[in-house]
Each structure stands twice: as structure tokens, then as C-alpha cells.
Amino acid sequence: MGKSLTKRSQDYSKWYNELVVKADLAENSSVRGCMVIKPYGYSIWEKMQAELDKKFKATGHENAYFPLFVPKSLFEAEEANAEGFAKECAVVTHYRLQNNPDKQGKLQVDPHSKLEEELIVRPTSEAVIWHTYKKWIESYRDLPIKINQWANVVRWEMRTRLFLRTAEFLWQEGHTAHATKEEAIEETELINNVYANFAENFMAIPVIKGIKSAGETFAGAETTYCIEALMQDGKALQAGTSHFLGQNFANAFDVKFATKDGKLEKVWATSWGVSTRLMGALIMTHSDDQGLVLPPNLAPHQVVIVPIYRSDEQREQVVKKSKELQSKLQAADIRVKLDDRDTHKPGWKFAQYELKGVPLRIAIGPKDLEKGTVELARRDTLSKEFVNQDDIVDIVNNKLPEIQSKLFNKAKTYRDNHITKVDDFDEFKKVLEDKGGFLSAHWDGTQETEDKIKELTKATVRLIPFDKHPEDGQCVLTGKPSKQRVLFAKAY
RNA sequence: CGGGGCGUGGCGUAGCCCGGUUAUCGCGCCUGGUUUGGGACCAGGAGAUCGCAAGUUCGAAUCUUGCCGCCCCGACCA
């Protein structure tokens with residue numbers, strides 16, 4: 001990760017515009033705070049979907065789909081949840097347009113088409129889903145329900161940021177119903193682990209698991225489990241959340257079930273989600289000044305073949321060989337693209353695929369045909385070597401996992417080097433300012449202290465990690481007793 | 001919603017303060033030729049209601065007012 005990038009990334013939107021837009025991933029649409037996901041970007045999302053879907057199904061979940069519109073009366077049923085989202089809702093109030101009598105060819109809202117009850121464009125689907133679950137749940141035999149949906153949601157944020165906080169985003173949201181508290185907590189933890197596993201092993205993004213402070217807990221949840229990642233500029237990013245909802249939604253929507261011994265009990269719930277924000281995390285974790293760097297597991301194309309030639313005759317031979325190599329690699333389940341377009345030169349293609357982050361590039365020209373070699377270049381290290389054509393499948397098969405783990409290790413080293421233990425508030429401020437990253441510090445556990453620290457430093461409690469051994473200490477701000485260190489950081 | 005900045009071919013921009021022929025330059029695009037192992041070169045060409053609307057003026061990209069949009073900072077948030 002180049003120095004210039006890190007410096008520049010203080011202005012992150014610029015980083016995005018340069019890298020992401022240039023990298024052909026997405027561009028701002030004219031819709032406020034929304035993004036167009038271009039085909040290349042979408043194919044990355046599809047890879048993520050496929051992998052997550054596999055993991056969800058392997059843990060007993062099914063996909064379903066619920067409506068986009070939430071009648072206001074349903075939306076407001078769970079008060080904490082409704083209040084938490086109230087300030088960022090798009091609301092449908094009318095259902096028809098008409099010609100504007102004052103302006104030829106222009107339309108206006110038909111005032112007679114006002115809806116009796118407003119519809120909220122879902123910012124999340126708990127309300128609709130729990131309204132539905134009530135009808136599905138009568139007995140313990142109906143439980144558990146473990147459903148996931150792939151959907152778009154709308155949150156009318158005051159300020160948007162490409163990928164990290166768009167007004168509309170794509171995500172998956174899981175909603176489960178359980179007979180016991182233990183089972184629901186188990187589910188919440190299971191998903192938290194699924195997310196961590198996915199981020200680390202598939203996206204090569206190291207994350208820390210933990211739970212949120214009360215102030216950062218999801219509106220309507222008892223406990224929010226999260227995975228938290230660190231970006232190259234030293235700011236933290238919430239990468240996925242899994243909520244234990246307790247019986248809050250069962251209360252709000254009156255969802256009860258008959259137990260084996262004939263009693264009536266309220267259902268326990270969870271919800272969890274990850275979004276296209278993860279693509280932002282991907283970019284901000286691995287990219288460098290040449291553009292995107294994609295982990296092989298995720299890359300739409302793991303290998304690109306660029307033929308090099310002068311004459312038509314050479315072209316024919318080189319492309320023929322390229323196609324042979326392509327077939328061989330495809331037969332070994334490697335995602336490979338052959339770019340034999342005659343409309344762009346090799347140098348242009350090299351730069352282009354670096355921008356797109358393709359992990360491996362094979363260049364093959366007349367000299368290689370003579371020697372039986374190809375030039376193999378790595379995106380992560382930008383190094384090149386000549387290898388034997390006959391060995392190409394084995395070599396690629398070795399390199400891809402090597403690149404995958406190298407990317408993860410590089411990011412993890414960076415992350416680990418940016419977790420700093422601090423016990424003094426002046427030091428807290430200094431480290432936050434000079435170095436950034438996570439600050440491991442004692443906290444007295446109160447909302448007031450968290451707010452105060454945020455006010456003074458802009459850092460918040462990112463999470464209370466699981467893997468910390470309890471350790472007695474004193475709150476970094478108030479000096480009050482504390483049982484455990486928590487991680488603070490400036491966050492997106 | 002407050003504070004600051006900005007809207008000019010597909011992209012990035014000059015011109016605006018101090019109004020005056022045909023709106024500048026680079027990238028990209030098209031045609032022809034030479035090229036092709038790291039973003040080619042030469043020649044020619046196409047492409048802009050200067051964010052929208054109203055006003056001032058003989059004349060507006062330039063001045064005035066209103067509106068819209070974008071970016072940054074803050075409050076809010078995944």
C-alpha cells in the first residue's frame with residue numbers, strides 16, 4: 001500500500017473516485033447517495049452472495065422474500081426499532097402522477113392519490129417479517145424458523161459515502177425465531193462466526209469479534225454481536241452485525257407459541273446482516289496505488305491471459321496457444337479470462353487488469369512459443385517470472401492460495417500493528433491522532449463516558465472483544481474501575 | 001439541517017474578478033497510416049442548449065436573484 005495512497009486516503013471519497021470509478025466498479029448515479037454497480041462490481045457481489053448462501057444453507061437457513069413497503073402501523077410496532085430508524089426513512093405518500101397543467105410535458109403528484117396510510121420503504125425488515133411470522137407460529141413444532149432474504153433497503157442518511165453509506169444498498173438479512181433464549185443466542189453467535197469466517201477466509205479481511213456497547217447496539221436488540229475491521233487509513237469499519245433481539249419483537253407483534261407441556265410462551269428472535277459495504281471494506285483493505293487488489297477466492301477472473309504479437313500470423317499462433325492454456329486452466333476450475341481483443345495493446349491491457357485487481361496475469365508472445373514459456377505476473381507483489389507452459393496449471397493452483405493467504409496476512413499484520421494499549425487519556429488522544437487504529441483501553445462501561453470520549457476525540461467503543469482475558473484496570477477517562485479492555489477507534 | 005467549496009463535450013479542466021467574433025487545453029472517441037514483450041506515434045475529424053429558471057444589458061459562461069445538484073466539515077448512521 002503506497003504512501004501516497006495512505007496520505008490521500010484521509011480524503012476517502014477521492015480515493016474511491018480514483019480507484020473505484022476508474023476500476024470500473026461503480027459510479028455515482030444521479031440519485032442522491034445511490035450507486036450504480038457496474039457489471040464487474042456486481043460479479044464480485046455475486047461471488048460474495050454465493051459463498052454466504054452456501055454457508056447459510058449449510059447451517060440450516062432458507063431464502064425467502066418479503067415486501068419492500070412497510071405500512072407505518074407495522075413499522076412503529078416495535079418502539080425502539082422504529083425510533084432508531086425514524087429519522088432516516090423514505091416514505092411513500094402518494095400513488096399517482098398527473099400532467100402538470102402549468103407546465104407542458106411535466107408531471108406532478110396527483111393530490112387526490114394520497115394514501116390512507118403511508119408506506120415506509122424498508123430500512124430493515126423486522127417489522128414486516130415479524131408481522132408475518134406471527135401467522136406462521138403457533139406451536140413449538142413451528143420453530144425454529146431460520147430465514148434469510150437478499151434484498152435492497154433504503155436509509156435516508158444525512159450524509160452518504162460511496163459503498164460505506166449509500167442511501168440504497170444491497171444486503172442479506174437473516175431473521176430467525178426460536179423457542180428458547182439459549183437457542184437464539186447460539187444462533188446469534190453462530191452467524192457472527194460465519195461472518196468472521198467469511199470475511200477472513202474468503203475476503204482476506206481480518207476482523208475482530210465482539211459485542212457492541214449499549215450505545216452502539218442495534219435499535220430493538222438486546223445484544224449486538226459484530227465483526228470489526230480496520231482500514232488502511234486507520235479508521236475502523238463495522239463489517240457485519242448479528243443481533244440477539246430477545247423477546248422484543250415477540251412482544252411488539254404478539255408472537256406466542258404453545259410449548260410441549262401446553263404453556264404459551266413468547267418467541268425469541270435474532271436478526272443479522274451484511275451489505276455491499278463489505279465491498280468498500282474489500283477495497284479499503286487491499287487496494288494500492290495501481291488500483292484494486294482482489295483476493296483470488298473472490299476475483300471474478302483469477303487469471304487473465306494477454307497474447308502478444310506483431311503480425312497476423314503471429315497473432316493466430318499466439319491466440320491458439322492462449323486458448324489451449326485457457327482450456328487447461330478452466331478444466332482445473334480456475335476462472336480465467338482470455339483478452340485477445342485486437343483493439344487494445346498489451347501495455348494497456350496490463351494496466352487495465354491491474355486496475356481491476358486480477359490476481360494473476362499470463363502474457364504469452366512469439367518468444368514464449370519458441371521457448372515453451374509464459375510470463376506470469378502477480379497483482380499483489382507486482383512481480384513477474386517466466387514459467388513453463390506445461391506446468392501452468394500446477395503453478396497457478398499453488399499461487400492462488402498463496403496470494404489469498406498473503407493478502408490476509410499482510411492486512412492482519414497491519415491491523416495487529418495498529419492495536420495500541422493505552423492507559424492514559426493524553427496518550428489515548430496522541431495515539432489516536434498520530435497513529436490511528438484501535439486503542440485497547442479500560443472503560444468504566446457507562447454511556448456518559450463513551451459519549452464524553454466521543455465528544456473529545458471522535459473515537460467510539462467499537463467493540464468489547466470476546467478473546468480478551470479479563471483484566472482489572474481503571475477507565476482511561478474517569479479512572480473508575482474496569483474489568484476488561486475494550487477497543488476504541490474512529491469509525492466510518 | 002448548519003458552515004465551506006464547486007457545477008463548462010464521455011472524463012478532467014481554462015476562461016468568470018474587469019460582459020464583446022467561431023468557448024481553452026489534456027484524456028477518451030472516430031478515420032487513415034505507421035506500430036504492438038508495460039498505458040504507442042503522426043495526420044485529419046466528430047462531439048458543449050457553459051446545472052436550471054428569471055432578470056440586467058445592444059450583447060451573458062462571465063453581473064443579479066431564485067432553485068436544483070455534487071463534494072468536504074459537523075450533527076445522524078451499517
# chains A, B, ... in the order shown; residues from 1 in each chain; ligands from 1
$ closest_atom_pairs --of "chain A" --to "chain B" --cutoff "9 Å" --atoms "only C-alpha atoms (C1' of nucleotides)" --output "CSV"
residue,atom,partner,partner_atom,distance
A:Asp11,CA,B:C72,C1',8.6
A:Ser13,CA,B:C71,C1',8.7
A:Ser30,CA,B:G69,C1',8.5
A:Arg32,CA,B:G69,C1',8.8
A:Lys87,CA,B:C76,C1',8.1
A:Glu88,CA,B:C76,C1',8.6
A:Arg155,CA,B:C77,C1',8.7
A:Glu157,CA,B:C77,C1',6.6
A:Met158,CA,B:C76,C1',6.5
A:Arg159,CA,B:C76,C1',8.1
A:Leu164,CA,B:A78,C1',7.8
A:Arg165,CA,B:A78,C1',7.2
A:Gln238,CA,B:A78,C1',7.1
A:Ala239,CA,B:A78,C1',8.0
A:Gly240,CA,B:A78,C1',8.0
A:Thr241,CA,B:A78,C1',8.5
A:Val274,CA,B:A78,C1',8.4
A:Ser275,CA,B:A78,C1',8.0
A:Arg277,CA,B:A78,C1',7.8
A:Ile308,CA,B:G37,C1',6.8
A:Tyr309,CA,B:U36,C1',6.6
A:Arg310,CA,B:U36,C1',5.7
A:Lys345,CA,B:U36,C1',6.1
A:Pro346,CA,B:U36,C1',7.2
A:Gly347,CA,B:G38,C1',4.5
A:Trp348,CA,B:G39,C1',4.4
A:Lys349,CA,B:G39,C1',7.8
A:Phe350,CA,B:G38,C1',6.8
A:Ala351,CA,B:G39,C1',6.0
A:Gln352,CA,B:G39,C1',8.1
A:Ala363,CA,B:G37,C1',8.2
A:Ile364,CA,B:G37,C1',8.4
A:Gly365,CA,B:G37,C1',7.1
A:Lys367,CA,B:G37,C1',8.7
$ write_last_selection --atoms "C-alpha atoms" --output "CSV table (one decimal), in the first residue's frame"
chain,number,residue,atom,x,y,z
A,11,ASP,CA,-9.9,12.1,1.8
A,13,SER,CA,-14.1,9.8,-1.3
A,30,SER,CA,-27.8,10.9,-10.3
A,32,ARG,CA,-28.9,11.1,-4.2
A,87,LYS,CA,-35.0,9.9,11.2
A,88,GLU,CA,-33.9,8.1,8.0
A,155,ARG,CA,-31.8,4.5,4.7
A,157,GLU,CA,-28.8,9.2,5.7
A,158,MET,CA,-28.0,12.8,6.1
A,159,ARG,CA,-24.6,12.1,4.6
A,164,LEU,CA,-19.9,2.7,3.0
A,165,ARG,CA,-23.1,4.6,3.4
A,238,GLN,CA,-18.3,-2.3,11.2
A,239,ALA,CA,-18.3,-5.2,8.7
A,240,GLY,CA,-21.3,-7.2,9.9
A,241,THR,CA,-23.7,-7.5,12.8
A,274,VAL,CA,-24.0,-7.9,5.8
A,275,SER,CA,-24.2,-5.5,2.9
A,277,ARG,CA,-20.5,-2.1,2.4
A,308,ILE,CA,1.4,-10.5,-27.5
A,309,TYR,CA,2.1,-10.5,-31.3
A,310,ARG,CA,3.1,-8.4,-34.3
A,345,LYS,CA,-2.3,-3.1,-26.9
A,346,PRO,CA,-0.7,-5.3,-24.4
A,347,GLY,CA,0.6,-2.5,-22.2
A,348,TRP,CA,-2.9,-1.0,-22.0
A,349,LYS,CA,-4.3,-4.4,-21.0
A,350,PHE,CA,-1.7,-4.9,-18.3
A,351,ALA,CA,-2.6,-1.6,-16.7
A,352,GLN,CA,-6.3,-2.3,-17.1
A,363,ALA,CA,1.5,-12.9,-21.0
A,364,ILE,CA,2.4,-15.0,-24.0
A,365,GLY,CA,4.2,-14.0,-27.1
A,367,LYS,CA,9.3,-15.8,-27.8
$ closest_atom_pairs --of "range 342-366 of chain A" --to "range 287-293 of chain A" --cutoff "9 Å" --atoms "only C-alpha atoms" --output "CSV"
residue,atom,partner,partner_atom,distance
A:Ala351,CA,A:Gln290,CA,8.0
A:Glu354,CA,A:Gly291,CA,6.3
A:Leu355,CA,A:Gly291,CA,4.2
A:Lys356,CA,A:Leu292,CA,5.5
A:Gly357,CA,A:Val293,CA,4.1
A:Val358,CA,A:Val293,CA,7.0
A:Pro359,CA,A:Val293,CA,7.1
$ write_last_selection --atoms "C-alpha atoms" --output "PDB file, in the first residue's frame"
ATOM      1  CA  ALA A 351      -2.579  -1.588 -16.724  1.00  0.00           C
ATOM      2  CA  GLU A 354      -4.074  -4.254 -12.575  1.00  0.00           C
ATOM      3  CA  LEU A 355      -6.729  -1.620 -12.071  1.00  0.00           C
ATOM      4  CA  LYS A 356      -9.336  -4.360 -11.896  1.00  0.00           C
ATOM      5  CA  GLY A 357      -7.240  -6.329  -9.413  1.00  0.00           C
ATOM      6  CA  VAL A 358      -6.966  -9.645 -11.291  1.00  0.00           C
ATOM      7  CA  PRO A 359      -4.633 -11.751  -9.115  1.00  0.00           C
TER       8      PRO A 359
END
$ atom_distance --atom1 "CA of Asn81 in chain A" --atom2 "CA of Leu463 in chain A"
20.7 Å
$ select_by_dssp --residues "range 177-380 of chain A" --states "strand (DSSP E or B)" --output "JSON, numbers by chain"
{"A": [177, 178, 208, 209, 210, 211, 223, 224, 225, 226, 227, 228, 229, 230, 236, 237, 238, 239, 240, 241, 242, 243, 244, 245, 246, 256, 257, 258, 264, 265, 266, 268, 269, 270, 271, 272, 273, 274, 275, 288, 291, 303, 304, 305, 306, 307, 336, 337, 338, 360, 361, 362, 363, 364, 373, 374, 375, 376, 377, 378]}
$ atom_distance --atom1 "CA of Leu237 in chain A" --atom2 "CA of Ser43 in chain A"
22.8 Å
$ atom_distance --atom1 "CA of Val431 in chain A" --atom2 "CA of Thr478 in chain A"
18.4 Å
